[in-house]
Amino acid sequence: MATAKLREELNCSICLTIYNNPVMLSCGHYYCHDCIDGFWNSQRSGVHICPECRQQFQNRPVLQRSRKLSNIVKCYSPMQPAREEGVIYCTYCVNDSVPAVRTCLHCEASLCDIHLKAHTDSAEHTLIKPTASLEGRKCLVHKELLKYYCSEDAANICVSCCLFGEHMGHRVELLNETFEKEMECKDALEKLTVKKEEIESRIEMLQECKRKVQEKTSGVKDRIAALFGDIREPVGDLKNHILSEVTRKEEQVLPHVTDKIQQLQIEKARLTESMLNSEELRNMQDPLRVLKMCGSTYSGFRAVEDEIKNIGEAGCPDERGISLTIQTSLQNLVPNLPNLMEKWGFFLWAASDILLDVSTASNEIIVSDDLKTVSFTNIKQEYPDGPERFSSSQILSTRSVSSGRYYWEVEIHDSWYWRVGVAYPSIERKKWSLIGFCNKSWCLGRRYKALYVIHDSEFKVVAPYSSFEILGIYLDYEAGLLSFYQVSDSIRHLYTVTTTFTEPLHAAFCVIKDGWMKIRNPAHQREPPM
């Protein structure tokens with residue numbers, strides 16, 4: 001026990017371990033050289049104090065090594081048995097290296113099982129897991145256990161700091177209570193952190209989506225620019241050719257006109273001179289000479305006037321010829337457009353082979369001879385009955401498609417009720433069932449003041465109805481896409497149906513009252529907007 005007491009006297013009160021290069025202050029207290037030097041370096045007041053007795057030194061003391069204490073430490077050190085690094089040993093088992101099971105904060109000692117049994121059970125003796133460093137667990141001013149937390153100064157304090165120290169009157173609470181609150185905050189923080197990570201993940205997904213959209217858009221823009229670059233080259237060559245021909249014609253005529261201008265300028269000068277000599281002309285008595293002079297002037301003027309008229313007619317650009325050249329040349333360029341579009345990945349969808357199948361027409365509609373126009377009639381038609389004929393006022397196309405991409409346009413009379421779309425060949429024919437009222441057809445239609453997409457009797461409002469004449473339909477069978485567009489000077493997307501087609505598809509048309517529809521070839525074959 002005496003040996004343990006001696007060992008305690010050899011511990012630095014700052015680092016709580018055996019002295020290392022001990023020094024003594026004028027007040028008589030010993031410290032490790034580095035410990036007291038570091039303590040003073042951390043002071044902000046500029047006044048140097050002793051951590052134990054709180055004596056103040058106006059000037060920083062010069063630290064002198066204590067030789068006697070250093071020798072004692074050296075003598076004591078060999079008595080320590082070899083110990084494993086990282087293991088905390090019992091403070092009181094001096095001769096044996098017995099691992100500690102608890103450390104007492106009040107005694108500042110680590111205890112093995114044997115010494116722990118003899119240790120006091122007083123509340124002030126707080127036991128924790130074995131630790132070699134007790135720094136920061138006691139108040140440096142009062143040397144008492146840090147049991148409280150000052151929320152105003154955010155500092156761990158002892159009871160003396162609360163009662164009469166610099167934290168007197170502050171709002172304080174037990175460290176354990178603060179710890180529990182911190183744990184609750186930590187749990188809430190963890191939940192917020194998880195939520196934040198989820199949001200960050202979604203942001204990353206959206207940023208990736210944005211990047212892909214930008215990349216795809218950039219690629220489409222590049223292909224469009226390349227397509228029109230290929231178109232621009234032959235159109236530019238045509239423009240340059242026509243302009244060069246007009247310029248060549250101009251260069252042929254203008255020199256001749258310039259010569260005539262010069263001739264007239266000479267004639268003008270001569271006439272001016274004659275006018276100046278008018279008095280002489282009046283006094284001239286020779287009639288033959290006078291008439292000869294005047295006659296030559298007038299005849300020359302009339303000849304020049306006729307020539308100017310001929311030059312004007314022959315020298316001006318032949319606009320009719322130029323118009324014919326432009327029209328013929330552009331018509332020669334247009335047939336190459338599909339090849340250019342295919343070259344740059346823009347595909348065409350033909351509509352010329354879409355015809356109406358009279359065998360499917362109900363008796364309320366009339367089909368034109370070219371099988372392109374269908375119209376409603378109040379006069380019942382006497383079509384031969386058959387399994388393919390509808391009992392309601394609608395009709396299908398002659399052929400179906402089961403692969404590929406197609407685009408066609410329908411001119412629609414502005415009636416109050418119509419439908420246009422696609423249907424399977426297995427659609428019900430005899431019951432009164434318009435396209436869209438079953439799961440075997442999809443369509444866009446007007447009903448009073450709105451446009452609807454209809455499938456399996458479900459109506460989805462697309463937009464308020466505004467008068468338009470042409471409806472564009474785009475079908476990509478493999479992708480399961482059916483899109484509708486309003487066509488005017490530009491194309492406006494109305495709605496896209498996304499599904500999986502399981503049967504071939506026919507174009508389907510429904511007209512009621514005074515309505516009529518006409519299948520038309522696109523004025524400009526094009527890829528619908530994305």
# chains A, B, ... in the order shown; residues from 1 in each chain; ligands from 1
call {"tool": "residues_around", "arguments": {"residues": "Cys104 (chain A)", "least_positions_apart": "4", "cutoff": "12 Å", "atoms": "only C-alpha atoms", "output": "tab-separated table (two decimals) with N, CA and C atoms, in the first residue's frame"}}
result
chain	number	residue	atom	x	y	z
A	90	CYS	N	-4.16	-2.85	-12.80
A	90	CYS	CA	-4.59	-2.39	-11.48
A	90	CYS	C	-3.51	-1.50	-10.87
A	91	THR	N	-3.94	-0.37	-10.33
A	91	THR	CA	-2.99	0.59	-9.76
A	91	THR	C	-2.36	0.04	-8.49
A	100	ALA	N	-6.97	-4.35	-14.88
A	100	ALA	CA	-8.04	-3.68	-14.14
A	100	ALA	C	-9.38	-3.97	-14.80
A	108	GLU	N	-9.02	8.25	-8.88
A	108	GLU	CA	-8.07	8.31	-10.00
A	108	GLU	C	-7.19	7.07	-10.01
A	109	ALA	N	-7.82	5.91	-9.84
A	109	ALA	CA	-7.09	4.64	-9.81
A	109	ALA	C	-7.90	3.58	-10.53
A	110	SER	N	-7.16	2.62	-11.12
A	110	SER	CA	-7.80	1.48	-11.78
A	110	SER	C	-7.75	0.29	-10.86
A	111	LEU	N	-8.80	-0.53	-10.84
A	111	LEU	CA	-8.94	-1.59	-9.85
A	111	LEU	C	-9.14	-2.93	-10.52
A	112	CYS	N	-8.48	-3.97	-9.95
A	112	CYS	CA	-8.73	-5.34	-10.39
A	112	CYS	C	-9.93	-5.87	-9.61
A	115	HIS	N	-9.23	-5.72	-5.64
A	115	HIS	CA	-9.28	-4.39	-5.04
A	115	HIS	C	-10.64	-3.72	-5.23
A	116	LEU	N	-11.38	-4.15	-6.25
A	116	LEU	CA	-12.70	-3.57	-6.47
A	116	LEU	C	-13.66	-3.97	-5.36
A	119	HIS	N	-13.28	-1.73	-2.47
A	119	HIS	CA	-13.49	-0.31	-2.79
A	119	HIS	C	-14.82	0.17	-2.22
A	120	THR	N	-14.84	1.42	-1.83
A	120	THR	CA	-16.04	2.00	-1.23
A	120	THR	C	-17.18	2.06	-2.25
A	121	ASP	N	-18.41	1.94	-1.72
A	121	ASP	CA	-19.60	2.03	-2.58
A	121	ASP	C	-20.20	3.43	-2.57
A	122	SER	N	-19.49	4.39	-2.07
A	122	SER	CA	-20.02	5.76	-1.99
A	122	SER	C	-20.36	6.29	-3.39
A	123	ALA	N	-21.41	7.14	-3.46
A	123	ALA	CA	-21.89	7.64	-4.76
A	123	ALA	C	-20.87	8.51	-5.45
A	124	GLU	N	-20.03	9.17	-4.64
A	124	GLU	CA	-19.05	10.07	-5.26
A	124	GLU	C	-17.93	9.30	-5.97
A	125	HIS	N	-17.78	8.02	-5.63
A	125	HIS	CA	-16.77	7.19	-6.30
A	125	HIS	C	-17.39	6.59	-7.57
A	126	THR	N	-17.27	7.32	-8.66
A	126	THR	CA	-17.86	6.90	-9.93
A	126	THR	C	-16.93	5.93	-10.64
A	127	LEU	N	-17.46	4.73	-10.97
A	127	LEU	CA	-16.68	3.70	-11.64
A	127	LEU	C	-17.03	3.69	-13.14
A	128	ILE	N	-15.99	3.58	-13.96
A	128	ILE	CA	-16.17	3.51	-15.41
A	128	ILE	C	-15.31	2.39	-15.95
A	129	LYS	N	-15.38	2.15	-17.25
A	129	LYS	CA	-14.52	1.16	-17.87
A	129	LYS	C	-13.06	1.55	-17.69
A	130	PRO	N	-12.17	0.57	-17.62
A	130	PRO	CA	-10.75	0.89	-17.38
A	130	PRO	C	-10.23	1.87	-18.43
A	131	THR	N	-9.53	2.90	-17.95
A	131	THR	CA	-8.94	3.88	-18.85
A	131	THR	C	-7.62	4.35	-18.26
A	132	ALA	N	-6.68	4.67	-19.13
A	132	ALA	CA	-5.37	5.13	-18.68
A	132	ALA	C	-5.31	6.63	-18.60
A	133	SER	N	-6.23	7.30	-19.21
A	133	SER	CA	-6.22	8.76	-19.26
A	133	SER	C	-7.44	9.30	-18.53
A	134	LEU	N	-7.19	9.99	-17.42
A	134	LEU	CA	-8.26	10.63	-16.67
A	134	LEU	C	-8.28	12.14	-16.93
A	137	ARG	N	-11.49	14.67	-16.86
A	137	ARG	CA	-12.61	14.16	-16.08
A	137	ARG	C	-12.76	14.86	-14.72
A	138	LYS	N	-11.76	15.66	-14.35
A	138	LYS	CA	-11.86	16.44	-13.12
A	138	LYS	C	-11.64	17.90	-13.43
A	145	LEU	N	-14.74	15.97	-9.39
A	145	LEU	CA	-15.27	15.25	-10.54
A	145	LEU	C	-16.25	16.12	-11.32
call {"tool": "residues_around", "arguments": {"residues": "Ile473 (chain A)", "least_positions_apart": "3", "cutoff": "10 Å", "atoms": "only C-alpha atoms", "output": "number ranges by chain"}}
result
A: 406-410, 420-422, 443-444, 470, 482-487, 496, 507, 528
call {"tool": "residues_around", "arguments": {"residues": "Leu505 (chain A)", "least_positions_apart": "4", "cutoff": "9 Å", "atoms": "only C-alpha atoms", "output": "PyMOL selection string"}}
result
chain A and resi 399-402+422-425+441+477+501
call {"tool": "residues_around", "arguments": {"residues": "region 411-415 of chain A", "least_positions_apart": "5", "cutoff": "7 Å", "atoms": "only C-alpha atoms", "output": "PyMOL selection string"}}
result
chain A and resi 467+469-471+514-520
call {"tool": "atom_distance", "arguments": {"atom1": "CA of Lys431 (chain A)", "atom2": "CA of Thr360 (chain A)"}}
result
13.4 Å
call {"tool": "residues_around", "arguments": {"residues": "Ser160 (chain A)", "least_positions_apart": "2", "cutoff": "10 Å", "atoms": "only C-alpha atoms", "output": "CSV table (one decimal) with C-alpha atoms, in the first residue's frame"}}
result
chain,number,residue,atom,x,y,z
A,139,CYS,CA,-12.1,20.2,-12.8
A,141,VAL,CA,-9.6,24.4,-10.7
A,142,HIS,CA,-11.3,22.5,-7.9
A,143,LYS,CA,-9.9,19.0,-8.5
A,144,GLU,CA,-13.4,17.7,-8.3
A,145,LEU,CA,-15.3,15.2,-10.5
A,146,LEU,CA,-17.0,16.8,-13.5
A,157,ILE,CA,-18.2,21.6,-14.6
A,158,CYS,CA,-17.9,20.3,-11.0
A,162,CYS,CA,-21.9,25.5,-9.7
A,163,LEU,CA,-22.0,26.7,-6.1
A,164,PHE,CA,-19.4,29.4,-6.0
A,165,GLY,CA,-17.3,29.3,-9.1
A,166,GLU,CA,-17.5,31.2,-12.4
A,167,HIS,CA,-20.6,29.2,-13.4
A,168,MET,CA,-22.6,30.1,-10.3
call {"tool": "residues_around", "arguments": {"residues": "Cys53 (chain A)", "least_positions_apart": "2", "cutoff": "10 Å", "atoms": "only C-alpha atoms", "output": "ChimeraX atom specification"}}
result
/A:27-29,49-51,55-56,141-142
call {"tool": "atom_distance", "arguments": {"atom1": "CA of Leu434 (chain A)", "atom2": "CA of Asp476 (chain A)"}}
result
23.3 Å
